[in-house]
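Note: the block below is model-v2.pdb and it holds PDB, C-alpha atoms.
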```pdb
ATOM      1  CA  MET C   1     -25.146 -10.793  18.277
ATOM      2  CA  PRO C   2     -23.277  -8.958  15.509
ATOM      3  CA  ALA C   3     -23.563  -5.198  15.213
ATOM      4  CA  TYR C   4     -22.736  -2.794  12.429
ATOM      5  CA  LEU C   5     -21.136   0.620  12.351
ATOM      6  CA  ILE C   6     -22.486   2.491   9.347
ATOM      7  CA  ALA C   7     -20.902   5.778   8.336
ATOM      8  CA  ASP C   8     -21.168   8.393   5.644
ATOM      9  CA  VAL C   9     -17.935  10.383   5.616
ATOM     10  CA  ASP C  10     -17.603  13.621   3.636
ATOM     11  CA  VAL C  11     -13.854  14.284   3.475
ATOM     12  CA  SER C  12     -12.912  17.967   3.421
ATOM     13  CA  ASP C  13      -9.130  17.581   3.795
ATOM     14  CA  PRO C  14      -7.903  14.460   1.938
ATOM     15  CA  VAL C  15      -4.280  15.000   2.949
ATOM     16  CA  VAL C  16      -5.065  14.897   6.671
ATOM     17  CA  TYR C  17      -7.686  12.153   6.208
ATOM     18  CA  GLU C  18      -5.092   9.898   4.554
ATOM     19  CA  GLU C  19      -3.443   9.308   7.933
ATOM     20  CA  TYR C  20      -6.791   8.155   9.312
ATOM     21  CA  LYS C  21      -7.300   5.757   6.398
ATOM     22  CA  GLN C  22      -3.850   4.254   6.810
ATOM     23  CA  LYS C  23      -4.133   3.623  10.565
ATOM     24  CA  VAL C  24      -7.785   2.943  11.405
ATOM     25  CA  SER C  25      -7.874  -0.780  10.512
ATOM     26  CA  ALA C  26      -5.136  -1.587  13.017
ATOM     27  CA  THR C  27      -7.188  -0.013  15.815
ATOM     28  CA  SER C  28     -10.432  -1.837  14.993
ATOM     29  CA  ALA C  29      -9.024  -5.346  14.361
ATOM     30  CA  PRO C  30      -8.473  -6.127  18.073
ATOM     31  CA  TYR C  31     -12.209  -5.483  18.596
ATOM     32  CA  GLY C  32     -13.194  -8.092  16.018
ATOM     33  CA  ALA C  33     -14.072  -5.613  13.286
ATOM     34  CA  ARG C  34     -14.181  -6.394   9.617
ATOM     35  CA  TYR C  35     -14.991  -4.047   6.779
ATOM     36  CA  LEU C  36     -17.957  -4.986   4.618
ATOM     37  CA  THR C  37     -17.565  -1.906   2.441
ATOM     38  CA  ARG C  38     -15.205   1.030   2.654
ATOM     39  CA  GLY C  39     -15.466   3.964   0.295
ATOM     40  CA  ALA C  40     -16.998   1.906  -2.507
ATOM     41  CA  ALA C  41     -19.387   3.348  -5.062
ATOM     42  CA  THR C  42     -23.034   3.616  -4.017
ATOM     43  CA  GLN C  43     -26.238   3.870  -6.031
ATOM     44  CA  VAL C  44     -29.363   5.539  -4.680
ATOM     45  CA  LEU C  45     -32.522   3.569  -5.414
ATOM     46  CA  GLU C  46     -34.957   5.784  -3.500
ATOM     47  CA  GLY C  47     -34.828   9.062  -1.643
ATOM     48  CA  ASP C  48     -32.323  11.882  -1.772
ATOM     49  CA  TRP C  49     -29.472  10.493   0.329
ATOM     50  CA  SER C  50     -26.235  10.522  -1.630
ATOM     51  CA  PRO C  51     -23.412   9.150   0.540
ATOM     52  CA  THR C  52     -19.936  10.412  -0.243
ATOM     53  CA  ARG C  53     -17.639   7.848   1.431
ATOM     54  CA  PHE C  54     -19.818   4.995   2.655
ATOM     55  CA  VAL C  55     -18.467   2.554   5.251
ATOM     56  CA  ILE C  56     -19.969  -0.526   6.893
ATOM     57  CA  MET C  57     -18.014  -2.365   9.581
ATOM     58  CA  GLU C  58     -19.166  -5.538  11.294
ATOM     59  CA  PHE C  59     -18.292  -6.117  14.962
ATOM     60  CA  PRO C  60     -19.160  -9.014  17.276
ATOM     61  CA  SER C  61     -21.486  -6.749  19.326
ATOM     62  CA  VAL C  62     -22.563  -3.191  20.074
ATOM     63  CA  GLU C  63     -20.272  -3.305  23.104
ATOM     64  CA  HIS C  64     -17.295  -4.040  20.832
ATOM     65  CA  ILE C  65     -18.117  -0.992  18.692
ATOM     66  CA  LYS C  66     -18.380   1.293  21.703
ATOM     67  CA  ALA C  67     -15.193  -0.081  23.255
ATOM     68  CA  TRP C  68     -13.287   0.518  20.000
ATOM     69  CA  TYR C  69     -14.794   3.988  19.469
ATOM     70  CA  ASP C  70     -13.710   5.087  22.955
ATOM     71  CA  SER C  71     -10.385   3.210  22.961
ATOM     72  CA  PRO C  72      -7.035   4.944  23.503
ATOM     73  CA  GLY C  73      -5.875   3.577  20.143
ATOM     74  CA  TYR C  74      -8.779   5.011  18.167
ATOM     75  CA  ARG C  75      -9.297   8.312  20.014
ATOM     76  CA  PRO C  76      -6.417  10.186  18.253
ATOM     77  CA  LEU C  77      -7.632   8.923  14.876
ATOM     78  CA  ARG C  78     -11.183   9.945  15.688
ATOM     79  CA  ASP C  79      -9.854  13.455  16.281
ATOM     80  CA  ILE C  80      -8.086  13.381  12.895
ATOM     81  CA  ARG C  81     -11.287  12.212  11.169
ATOM     82  CA  GLN C  82     -13.336  14.917  12.867
ATOM     83  CA  ARG C  83     -10.852  17.593  11.757
ATOM     84  CA  SER C  84     -10.675  16.389   8.156
ATOM     85  CA  ALA C  85     -14.234  15.213   7.458
ATOM     86  CA  LYS C  86     -17.866  15.573   8.392
ATOM     87  CA  SER C  87     -19.287  12.201   9.400
ATOM     88  CA  ILE C  88     -22.637  10.653  10.124
ATOM     89  CA  MET C  89     -22.312   7.385  12.065
ATOM     90  CA  ILE C  90     -24.876   4.966  13.419
ATOM     91  CA  ILE C  91     -24.828   1.592  15.120
ATOM     92  CA  ALA C  92     -27.296  -1.065  13.980
ATOM     93  CA  ASP C  93     -27.941  -4.369  15.719
ATOM     94  CA  GLY C  94     -27.439  -7.399  13.530
ATOM     95  CA  ILE C  95     -29.617 -10.470  13.327
ATOM     96  CA  GLU C  96     -28.839 -13.489  15.449
ATOM     97  CA  SER C  97     -27.581 -16.300  13.235
ATOM     98  CA  ARG C  98     -29.597 -19.505  13.283
TER      99      ARG C  98
END
```
Once more with this new file: its structure as structure tokens, please.
Amino acid sequence: MPAYLIADVDVSDPVVYEEYKQKVSATSAPYGARYLTRGAATQVLEGDWSPTRFVIMEFPSVEHIKAWYDSPGYRPLRDIRQRSAKSIMIIADGIESR
């Protein structure tokens, strides 16, 4: 079943974060990830949430997300992201295709 990584990333150091942006796709591709949106404009219809850099990634499963997130290839980039931005990330189960 597909699963989605959804993130709101508030970049505080764009210079440092640029390295993350340039390298992250190469680490997630082996885990079957594809970006559905990455830093695109958002519009709030209800509520007071105003995402800054909104990202949705689709993976084949929750297990694929967790394996990527904890992988040796992503770990150094995760550290870069955590130093250069404040992030909120969640995993959401997808719907089984019919």
Name the residues captured by the PyMOL selection byres ((chain C and resi 90) around 8) when it is applied to the shown file; answer as a PyMOL selection string. chain C and resi 5-7+88-89+91-92
Given the PyMOL selection byres ((chain C and resi 16-25) around 10) and the file above, list the residues it selects as a count of residues only. 26
C:Asp93: which residues within 9 Å, counting only C-alpha atoms, same-chain residues fewer than 6 positions away excluded, as a PyMOL selection string? chain C and resi 1-4+61-62
Of the listed residues C:Val9, C:Leu45, C:Gly32, C:Ile95, that which approaches C:Pro60 most closely, counting all atoms listed in the file: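 For C:Pro60, the nearest of the candidates is C:Gly32.
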Taking every listed atom of stretch 49-56 of chain C and adding 3 Å to each side, what centre and edge lengths in Å (one decimal) does the axis-aligned box have, as JSON?
```
{"center_x": -23.6, "center_y": 5.0, "center_z": 2.6, "size_x": 17.8, "size_y": 17.0, "size_z": 14.5}
```
Please measure the separation of atom CA of C:Ala40 and atom CA of C:Tyr69, giving the value in Å to one decimal. 22.2 Å
Between atom CA of C:Asp8 and atom CA of C:Ala41, what is the distance, to one decimal in Å?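 Separation of atom CA of C:Asp8 and atom CA of C:Ala41: 12.0 Å.
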Take atom CA of C:Gly39 and atom CA of C:Glu96 and report the distance between them in Å, one decimal. 26.7 Å
For stretch 2-97 of chain C in the structure I just supplied, write out C-alpha atoms - as a compact mmCIF listing (two decimals), in the first residue's frame.
```
# COMPACT_ATOMS: atom_id res chain seq x y z
CA PRO C 2 1.45 3.42 -0.84
CA ALA C 3 2.42 5.79 1.94
CA TYR C 4 3.14 9.49 2.00
CA LEU C 5 5.73 11.60 3.76
CA ILE C 6 4.27 15.05 4.32
CA ALA C 7 6.51 17.84 5.54
CA ASP C 8 6.37 21.53 6.30
CA VAL C 9 9.92 22.87 6.28
CA ASP C 10 10.74 26.36 7.57
CA VAL C 11 14.24 27.08 6.26
CA SER C 12 16.34 29.28 8.54
CA ASP C 13 19.67 28.97 6.69
CA PRO C 14 19.10 28.78 2.90
CA VAL C 15 22.81 28.47 2.13
CA VAL C 16 23.22 25.32 4.22
CA TYR C 17 19.79 23.98 3.16
CA GLU C 18 20.80 24.20 -0.51
CA GLU C 19 23.09 21.19 -0.07
CA TYR C 20 20.14 19.21 1.29
CA LYS C 21 17.96 20.20 -1.68
CA GLN C 22 20.62 19.20 -4.18
CA LYS C 23 21.30 15.75 -2.70
CA VAL C 24 18.08 14.46 -1.11
CA SER C 25 16.43 13.07 -4.27
CA ALA C 26 19.34 10.71 -4.92
CA THR C 27 18.92 9.20 -1.44
CA SER C 28 15.16 8.65 -1.71
CA ALA C 29 14.99 7.24 -5.27
CA PRO C 30 16.34 3.79 -4.30
CA TYR C 31 13.41 3.51 -1.85
CA GLY C 32 10.84 4.08 -4.59
CA ALA C 33 10.10 7.68 -3.67
CA ARG C 34 8.61 10.23 -5.98
CA TYR C 35 7.84 13.85 -5.24
CA LEU C 36 4.23 14.92 -5.62
CA THR C 37 4.98 18.48 -4.57
CA ARG C 38 8.17 20.12 -3.37
CA GLY C 39 8.24 23.71 -2.21
CA ALA C 40 5.31 24.74 -4.40
CA ALA C 41 2.91 27.52 -3.47
CA THR C 42 0.10 26.61 -1.09
CA GLN C 43 -3.27 28.22 -0.40
CA VAL C 44 -5.04 27.88 2.93
CA LEU C 45 -8.75 27.18 2.57
CA GLU C 46 -9.55 26.74 6.26
CA GLY C 47 -7.73 27.09 9.54
CA ASP C 48 -4.56 28.95 10.42
CA TRP C 49 -1.88 26.60 9.10
CA SER C 50 0.40 28.41 6.68
CA PRO C 51 3.08 26.01 5.41
CA THR C 52 6.36 27.57 4.37
CA ARG C 53 8.02 24.87 2.22
CA PHE C 54 5.46 22.11 1.70
CA VAL C 55 6.60 18.67 0.52
CA ILE C 56 4.69 15.48 -0.28
CA MET C 57 6.61 12.34 -1.24
CA GLU C 58 5.00 9.06 -2.24
CA PHE C 59 6.69 5.78 -1.29
CA PRO C 60 5.62 2.18 -1.92
CA SER C 61 4.97 1.66 1.83
CA VAL C 62 5.49 3.01 5.33
CA GLU C 63 8.40 0.60 5.67
CA HIS C 64 10.09 2.21 2.65
CA ILE C 65 9.78 5.66 4.25
CA LYS C 66 11.26 4.48 7.53
CA ALA C 67 14.08 2.61 5.80
CA TRP C 68 14.98 5.72 3.79
CA TYR C 69 14.69 8.05 6.80
CA ASP C 70 17.10 5.89 8.81
CA SER C 71 19.39 5.00 5.89
CA PRO C 72 23.13 5.74 5.90
CA GLY C 73 22.66 7.78 2.72
CA TYR C 74 19.98 10.05 4.16
CA ARG C 75 21.24 10.39 7.75
CA PRO C 76 23.91 13.07 6.97
CA LEU C 77 21.36 15.04 4.95
CA ARG C 78 18.82 14.76 7.73
CA ASP C 79 21.40 16.35 10.02
CA ILE C 80 21.91 19.18 7.51
CA ARG C 81 18.14 19.75 7.27
CA GLN C 82 17.79 19.78 11.05
CA ARG C 83 20.58 22.36 11.36
CA SER C 84 19.22 24.63 8.63
CA ALA C 85 15.44 24.33 9.06
CA LYS C 86 12.64 23.56 11.45
CA SER C 87 10.51 20.73 10.09
CA ILE C 88 7.22 19.06 10.83
CA MET C 89 6.96 15.62 9.19
CA ILE C 90 4.26 12.99 9.23
CA ILE C 91 3.64 9.67 7.53
CA ALA C 92 0.18 8.95 6.13
CA ASP C 93 -1.02 5.60 4.82
CA GLY C 94 -2.30 5.69 1.27
CA ILE C 95 -5.36 3.98 -0.11
CA GLU C 96 -5.08 0.57 -1.68
CA SER C 97 -5.62 0.85 -5.42
```
